[in-house]
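The file target-v1.txt contains compact mmCIF, C-alpha atoms:
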```
# COMPACT_ATOMS: atom_id res chain seq x y z
CA MET A 25 24.76 17.83 5.59
CA ILE A 26 21.72 17.02 3.44
CA VAL A 27 19.47 13.99 3.95
CA THR A 28 16.83 12.97 1.39
CA LEU A 29 13.96 10.74 2.56
CA CYS A 30 11.60 9.72 -0.24
CA GLY A 31 9.67 6.88 -1.86
CA ALA A 32 6.25 5.30 -2.22
CA ASN A 33 6.31 3.95 1.34
CA SER A 34 5.03 7.01 3.20
CA TYR A 35 5.01 5.08 6.49
CA GLU A 36 8.74 4.32 6.39
CA VAL A 37 9.55 7.82 5.14
CA GLU A 38 7.70 9.30 8.13
CA GLN A 39 9.33 6.88 10.60
CA GLN A 40 12.76 7.79 9.29
CA ARG A 41 11.96 11.51 9.49
CA LYS A 42 11.00 11.07 13.14
CA ALA A 43 14.17 9.08 13.84
CA VAL A 44 16.42 11.71 12.22
CA GLU A 45 14.62 14.50 14.06
CA ASP A 46 14.69 12.70 17.43
CA ASP A 47 18.39 12.00 17.10
CA PHE A 48 19.07 15.68 16.38
CA ILE A 49 16.92 16.81 19.33
CA LYS A 50 18.86 14.55 21.70
CA GLN A 51 22.06 16.30 20.69
CA HIS A 52 20.96 19.89 20.11
CA GLY A 53 17.47 20.35 21.58
CA PRO A 54 14.08 21.08 19.93
CA ASP A 55 14.62 24.83 19.49
CA SER A 56 17.18 24.27 16.72
CA ILE A 57 14.66 22.81 14.25
CA ILE A 58 12.95 24.76 11.46
CA ARG A 59 10.06 23.03 9.66
CA LEU A 60 8.95 24.19 6.22
CA ALA A 61 6.10 22.98 3.99
CA GLY A 62 7.47 22.88 0.44
CA GLU A 63 4.12 23.76 -1.10
CA ASN A 64 4.09 27.14 0.69
CA THR A 65 7.83 27.94 0.69
CA ASP A 66 9.87 29.88 -1.85
CA ILE A 67 13.58 29.47 -2.47
CA ASN A 68 14.50 32.69 -0.65
CA GLU A 69 12.71 31.57 2.51
CA LEU A 70 14.41 28.19 2.31
CA ARG A 71 17.82 29.74 1.70
CA GLY A 72 17.34 32.05 4.67
CA ALA A 73 16.42 29.12 6.92
CA VAL A 74 19.36 27.01 5.75
CA GLN A 75 21.90 29.81 6.20
CA SER A 76 20.48 31.25 9.43
CA THR A 77 22.47 31.20 12.65
CA ASN A 78 21.18 30.36 16.11
CA LEU A 79 22.76 32.18 19.04
CA PHE A 80 21.72 29.42 21.42
CA ALA A 81 22.76 26.36 19.38
CA LEU A 82 25.76 25.34 17.33
CA SER A 83 23.67 23.37 14.82
CA THR A 84 20.37 23.83 13.00
CA MET A 85 18.08 21.32 11.30
CA VAL A 86 15.78 22.42 8.49
CA ILE A 87 13.06 19.90 7.58
CA LEU A 88 11.58 20.60 4.14
CA SER A 89 8.46 18.52 3.46
CA GLY A 90 7.03 17.97 -0.01
CA PRO A 91 9.19 20.28 -2.13
CA SER A 92 8.13 18.45 -5.32
CA LEU A 93 4.64 19.94 -4.81
CA ASN A 94 6.21 23.33 -5.61
CA LYS A 95 7.83 23.08 -9.04
CA ASN A 96 9.74 26.37 -8.79
CA LEU A 97 11.15 25.50 -5.38
CA PHE A 98 12.00 21.94 -6.38
CA MET A 99 13.96 22.98 -9.45
CA ALA A 100 15.74 25.73 -7.49
CA LEU A 101 17.06 23.21 -4.97
CA GLU A 102 19.92 22.51 -7.36
CA GLY A 103 21.49 25.88 -6.64
CA LEU A 104 21.11 25.40 -2.90
CA LEU A 105 22.74 22.02 -2.44
CA GLU A 106 26.29 23.33 -2.56
CA SER A 107 25.62 26.21 -0.15
CA VAL A 108 24.33 24.36 2.91
CA PRO A 109 26.75 25.22 5.75
CA ASP A 110 28.33 22.51 7.89
CA SER A 111 26.36 23.71 10.89
CA THR A 112 23.02 22.98 9.16
CA THR A 113 21.35 19.66 8.44
CA LEU A 114 18.79 19.96 5.63
CA VAL A 115 16.29 17.11 5.54
CA VAL A 116 14.30 16.84 2.30
CA VAL A 117 11.16 14.74 2.84
CA ASP A 118 9.04 13.76 -0.15
CA GLY A 119 7.11 10.98 -1.83
CA ILE A 120 7.76 9.44 -5.24
CA LEU A 121 10.23 11.57 -7.18
CA ASP A 122 10.57 11.62 -10.95
CA LYS A 123 13.79 9.73 -11.61
CA ARG A 124 14.14 11.34 -15.03
CA THR A 125 14.78 14.79 -13.60
CA ARG A 126 18.18 16.35 -13.03
CA ILE A 127 17.29 17.32 -9.45
CA PHE A 128 16.49 13.68 -8.61
CA LYS A 129 19.93 12.62 -9.83
CA LEU A 130 21.56 15.40 -7.84
CA LEU A 131 19.71 14.47 -4.67
CA GLN A 132 20.63 10.83 -5.26
CA THR A 133 24.34 11.55 -5.69
CA LYS A 134 24.94 14.67 -3.58
CA THR A 135 22.93 13.85 -0.44
CA ASP A 136 22.44 11.05 2.07
CA PHE A 137 19.74 9.57 -0.16
CA ARG A 138 17.27 7.09 1.35
CA GLU A 139 14.40 5.76 -0.75
CA TYR A 140 11.72 3.57 0.80
CA ASN A 141 9.55 1.32 -1.36
CA LEU A 142 6.32 -0.44 -0.44
CA LEU A 143 6.66 -3.79 1.26
CA ASP A 144 5.63 -6.91 -0.60
CA GLU A 145 3.30 -9.31 1.21
CA ASN A 146 6.07 -11.54 2.58
CA ALA A 147 8.03 -8.59 3.96
CA ALA A 148 4.81 -7.15 5.40
CA GLY A 149 4.19 -10.44 7.20
CA ARG A 150 7.64 -10.31 8.80
CA TRP A 151 7.05 -6.67 9.71
CA VAL A 152 3.76 -7.61 11.42
CA VAL A 153 5.51 -10.28 13.55
CA LYS A 154 8.11 -7.73 14.64
CA GLY A 155 5.47 -5.04 15.19
CA ALA A 156 3.44 -7.30 17.48
CA MET A 157 6.54 -8.01 19.59
CA GLU A 158 7.35 -4.30 19.84
CA ARG A 159 3.86 -3.73 21.26
CA GLY A 160 4.22 -6.46 23.85
CA GLY A 161 2.23 -9.04 21.90
CA SER A 162 2.89 -12.01 19.68
CA ILE A 163 1.68 -13.41 16.37
CA THR A 164 2.78 -16.41 14.37
CA PRO A 165 3.99 -15.98 10.77
CA GLN A 166 0.91 -17.86 9.54
CA VAL A 167 -1.51 -15.57 11.40
CA ALA A 168 0.50 -12.52 10.32
CA ARG A 169 0.01 -13.64 6.73
CA LEU A 170 -3.74 -13.83 7.35
CA LEU A 171 -3.74 -10.24 8.61
CA VAL A 172 -1.85 -9.08 5.51
CA GLU A 173 -4.29 -10.97 3.27
CA ARG A 174 -7.16 -9.28 5.04
CA VAL A 175 -6.02 -5.64 4.91
CA GLY A 176 -3.07 -5.55 2.49
CA ALA A 177 0.56 -4.56 3.00
CA ASP A 178 0.00 -0.89 3.82
CA GLN A 179 1.91 -0.27 7.08
CA TRP A 180 -0.35 2.58 8.22
CA GLN A 181 -3.34 0.24 8.13
CA LEU A 182 -1.39 -2.65 9.63
CA THR A 183 -0.24 -0.42 12.49
CA GLN A 184 -3.84 0.48 13.33
CA GLU A 185 -4.88 -3.16 13.25
CA LEU A 186 -1.92 -4.26 15.41
CA GLU A 187 -2.74 -1.65 18.06
CA LYS A 188 -6.34 -2.85 18.15
CA LEU A 189 -5.49 -6.54 18.19
CA VAL A 190 -2.80 -6.32 20.90
CA ALA A 191 -5.16 -4.26 23.09
CA PHE A 192 -7.76 -7.01 22.69
CA ASN A 193 -5.39 -9.91 23.37
CA LYS A 194 -1.60 -9.98 23.58
CA VAL A 195 -1.61 -13.24 21.62
CA ILE A 196 -3.05 -12.37 18.22
CA SER A 197 -5.04 -15.27 16.79
CA LYS A 198 -6.91 -16.08 13.62
CA GLU A 199 -10.14 -15.79 15.59
CA SER A 200 -9.39 -12.29 16.89
CA ILE A 201 -8.50 -11.11 13.37
CA GLU A 202 -11.76 -12.47 11.99
CA VAL A 203 -13.71 -10.70 14.74
CA LEU A 204 -11.92 -7.35 14.84
CA VAL A 205 -10.39 -6.71 11.39
CA VAL A 206 -12.57 -5.58 8.50
CA PRO A 207 -11.22 -6.97 5.20
CA ASN A 208 -10.22 -4.52 2.48
CA LEU A 209 -12.05 -4.49 -0.84
CA GLU A 210 -9.63 -6.85 -2.59
CA ALA A 211 -9.92 -9.44 0.17
CA ARG A 212 -13.71 -9.13 0.21
CA LEU A 213 -13.94 -9.61 -3.55
CA PHE A 214 -11.73 -12.69 -3.34
CA GLU A 215 -14.12 -14.13 -0.75
CA VAL A 216 -17.01 -13.41 -3.11
CA LEU A 217 -15.24 -15.29 -5.92
CA ASP A 218 -14.55 -18.15 -3.53
CA ALA A 219 -18.27 -18.32 -2.72
CA VAL A 220 -19.15 -18.07 -6.42
CA PHE A 221 -16.90 -20.93 -7.47
CA SER A 222 -18.09 -22.97 -4.51
CA HIS A 223 -21.59 -22.66 -6.02
CA ASN A 224 -22.83 -21.14 -2.75
CA GLU A 225 -25.60 -18.82 -3.90
CA GLU A 226 -26.71 -17.81 -0.39
CA ARG A 227 -23.18 -16.86 0.69
CA SER A 228 -22.54 -15.09 -2.62
CA ARG A 229 -25.71 -13.03 -2.28
CA ARG A 230 -24.92 -12.11 1.34
CA MET A 231 -21.36 -11.06 0.56
CA VAL A 232 -22.41 -8.95 -2.42
CA ALA A 233 -24.93 -7.21 -0.16
CA GLU A 234 -22.14 -6.47 2.33
CA LEU A 235 -19.96 -5.04 -0.45
CA ARG A 236 -22.85 -2.93 -1.68
CA ALA A 237 -22.96 -1.17 1.69
CA VAL A 238 -19.31 -0.10 1.67
CA ALA A 239 -17.87 -0.10 -1.87
CA ASP A 240 -18.14 1.92 -5.05
CA PRO A 241 -19.52 -0.40 -7.77
CA TYR A 242 -17.16 0.88 -10.48
CA GLU A 243 -14.11 0.53 -8.25
CA LEU A 244 -15.24 -3.01 -7.49
CA PHE A 245 -15.66 -3.74 -11.20
CA GLY A 246 -12.12 -2.54 -11.94
CA LEU A 247 -10.76 -4.80 -9.21
CA LEU A 248 -12.88 -7.69 -10.50
CA VAL A 249 -11.37 -7.29 -13.98
CA TRP A 250 -7.86 -7.38 -12.48
CA GLN A 251 -8.60 -10.48 -10.42
CA ILE A 252 -10.10 -12.33 -13.38
CA HIS A 253 -7.07 -11.44 -15.50
CA ALA A 254 -4.75 -12.72 -12.75
CA LEU A 255 -6.85 -15.86 -12.34
CA ALA A 256 -6.68 -16.57 -16.07
CA LEU A 257 -2.87 -16.29 -15.93
CA VAL A 258 -2.66 -18.67 -12.98
CA VAL A 259 -4.98 -21.24 -14.56
CA SER A 260 -3.06 -21.12 -17.83
CA ALA A 261 0.15 -21.83 -15.93
CA ALA A 262 -1.35 -24.68 -13.91
CA ASN A 263 1.13 -27.21 -15.34
CA GLU A 264 4.05 -25.45 -13.65
CA LYS A 265 5.63 -27.34 -10.79
CA ASN A 266 5.54 -24.73 -8.03
CA ASP A 267 4.25 -21.29 -7.10
CA GLY A 268 7.60 -19.68 -7.76
CA SER A 269 7.65 -20.76 -11.38
CA ILE A 270 4.01 -19.74 -11.86
CA ALA A 271 4.83 -16.32 -10.46
CA SER A 272 7.83 -16.07 -12.75
CA ARG A 273 5.85 -17.07 -15.83
CA THR A 274 2.85 -14.84 -15.13
CA GLY A 275 4.60 -11.85 -13.58
CA LEU A 276 2.35 -12.13 -10.52
CA LYS A 277 3.65 -12.23 -6.96
CA PRO A 278 3.88 -15.73 -5.38
CA PHE A 279 1.55 -14.49 -2.64
CA VAL A 280 -1.12 -13.76 -5.27
CA THR A 281 -0.68 -16.98 -7.23
CA GLN A 282 -0.94 -19.11 -4.09
CA LYS A 283 -4.17 -17.41 -3.11
CA LEU A 284 -5.77 -17.66 -6.55
CA GLN A 285 -4.87 -21.33 -6.85
CA THR A 286 -7.14 -22.08 -3.90
CA LEU A 287 -10.15 -21.19 -6.07
CA LYS A 288 -9.71 -24.47 -8.00
CA VAL A 289 -11.32 -23.32 -11.25
CA THR A 290 -11.04 -24.85 -14.70
CA PRO A 291 -9.92 -23.03 -17.87
CA LYS A 292 -13.49 -23.37 -19.16
CA ALA A 293 -14.89 -21.69 -16.05
CA VAL A 294 -12.38 -18.83 -16.36
CA LYS A 295 -13.37 -18.29 -20.00
CA THR A 296 -17.04 -18.22 -19.04
CA LEU A 297 -16.24 -15.77 -16.27
CA ALA A 298 -14.27 -13.51 -18.62
CA ASP A 299 -17.14 -13.48 -21.12
CA GLN A 300 -19.66 -12.62 -18.41
CA VAL A 301 -17.48 -9.85 -17.00
CA ALA A 302 -17.13 -8.41 -20.52
CA ASP A 303 -20.92 -8.45 -20.79
CA LEU A 304 -21.11 -6.80 -17.38
CA ASP A 305 -18.88 -4.00 -18.66
CA ILE A 306 -21.33 -3.32 -21.49
CA ARG A 307 -24.31 -3.36 -19.14
CA LEU A 308 -22.62 -1.01 -16.66
CA LYS A 309 -22.11 1.50 -19.47
CA SER A 310 -25.77 1.33 -20.47
CA GLY A 311 -26.92 3.32 -17.45
CA VAL A 312 -28.65 0.55 -15.47
CA GLU A 313 -28.36 0.33 -11.68
CA PRO A 314 -24.75 -0.95 -11.25
CA TRP A 315 -25.15 -3.08 -8.15
CA LEU A 316 -28.13 -4.87 -9.63
CA VAL A 317 -26.18 -6.05 -12.70
CA ILE A 318 -23.08 -6.87 -10.63
CA GLU A 319 -25.12 -9.11 -8.35
CA GLN A 320 -26.92 -10.71 -11.30
CA THR A 321 -23.62 -11.43 -13.04
CA LEU A 322 -21.94 -12.98 -9.99
CA LEU A 323 -24.96 -15.15 -9.19
CA LYS A 324 -25.15 -16.26 -12.85
CA ILE A 325 -21.48 -17.24 -12.65
CA ALA A 326 -22.20 -19.28 -9.53
CA TYR A 327 -25.10 -21.01 -11.29
CA ASP A 328 -23.23 -21.63 -14.56
CA SER A 329 -20.09 -22.92 -12.88
CA ALA A 330 -22.19 -25.35 -10.86
CA GLY A 331 -23.49 -26.77 -14.08
```

Now, as a test, write the supplied structure out as structure tokens.
Amino acid sequence: MIVTLCGANSYEVEQQRKAVEDDFIKQHGPDSIIRLAGENTDINELRGAVQSTNLFALSTMVILSGPSLNKNLFMALEGLLESVPDSTTLVVVDGILDKRTRIFKLLQTKTDFREYNLLDENAAGRWVVKGAMERGGSITPQVARLLVERVGADQWQLTQELEKLVAFNKVISKESIEVLVVPNLEARLFEVLDAVFSHNEERSRRMVAELRAVADPYELFGLLVWQIHALALVVSAANEKNDGSIASRTGLKPFVTQKLQTLKVTPKAVKTLADQVADLDIRLKSGVEPWLVIEQTLLKIAYDSAG
């Protein structure tokens, strides 16, 4: 038997690996498992592990992690798939696989193939509600959405935050999230834009200073360009009747369009913002201190939009 666990969602891939391994251990014990790192394994070593016999167990499990990191091994898997004995379970664990390759198609059709993609924000919110319950706590869907907005949909990060929040208080609240959970860069930048378009110079200046302490200015600029592009799409689609249709027209997720709509900006303000960000790009490439020009640009936007 061959099981393939792969995909962009490394959290789910790892959880499924643990589940498959635990199930095997319950039936055959831990001494029947061979673990191999694909990056440091050649095809002969893998073949020997797959075809080995264990005097003390009727079945063997071979867990091969990251074979795509070793091109020679990965391509040689094709010749191994048909020779795995019935007494051996080969578990291939990897990340994103190139779907154009022959070996991907073989794994997809010749093995128990399980691909795990990243959760969208809505699915992540549901996962958070379930995760809180599993840890003996509780969280409402609305508060779960706030947590996802604050740190994103990455389940590794959400797991850490859930552990911390449930330890603090079994009932997870908006207040506990605001106290304990540090927003990711995207959430922080959105808060900056909210302050900017609210014409709140003091708050804008304070939040830029906080970003300056933790973020790379060029990474922030790239994210700013993306958010302005998304904002322009949302504003241009403002005559649509609901978030779903705006998302469909712009190609953005409903979660994103709903959030950007709260900024309440005009097409004129978005154009001004786009022009100023373009100017910021030029200034960043001129060799000046990046945080200085980023702060100047954002505060100028706050001043201009107030006028």

* To do: Identify which of the residues A:Leu93, A:Val37, A:Lys188, A:Thr296 lies closest to Val203 (chain A), counting all atoms listed in the file when measuring atom-to-atom distances.
  =>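 Among the listed residues, the smallest separation from Val203 (chain A) belongs to A:Lys188.
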
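Distance cut-off 12 Å, centre (15.6, 7.6, -7.7), atoms counted only C-alpha atoms; the residues meeting this are Thr28, Leu29, Cys30, Gly31, Ala32, Asp118, Gly119, Ile120, Leu121, Asp122, Lys123, Arg124, Thr125, Arg126, Ile127, Phe128, Lys129, Leu130, Leu131, Gln132, Thr133, Phe137, Arg138, Glu139, Tyr140 and Asn141 of chain A.
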
* How many Å lie between CA of Leu213 (chain A) and CA of Leu297 (chain A), rounded to one decimal? ->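 Taking CA of Leu213 (chain A) as the start and CA of Leu297 (chain A) as the end point, the length is 14.3 Å.
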
* To do: Show which residues sit within 9 Å of Val190 (chain A), as a list in words. Count only C-alpha atoms, and ignore same-chain residues fewer than 2 positions away.
  =>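 The residues that qualify are Ala156, Arg159, Gly160, Gly161, Ser162, Glu185, Leu186, Glu187, Lys188, Phe192, Asn193, Lys194, Val195 and Ile196 of chain A.
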
* Asked: Using all atoms listed in the file, which residue out of A:Gly53, A:Gln75, A:Leu114, A:Leu217 lies closest to Arg41 (chain A)?
  ->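 Nearest to Arg41 (chain A): A:Leu114.
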
* Which of these residues is nearest to Gln285 (chain A), using all atoms listed in the file: A:Glu313, A:Arg227, A:Asp218, A:Asp144? -> A:Asp218

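Closest approach to Leu248 (chain A) among A:Gln184, A:Gln39, A:Thr321, A:Ser197: A:Thr321, based on all atoms listed in the file.
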
* To do: Can you work out which one of A:Leu322, A:Thr183, A:Leu247, A:Gly155 has the shortest atom-to-atom distance to Met231 (chain A), counting all atoms listed in the file?
  => A:Leu322
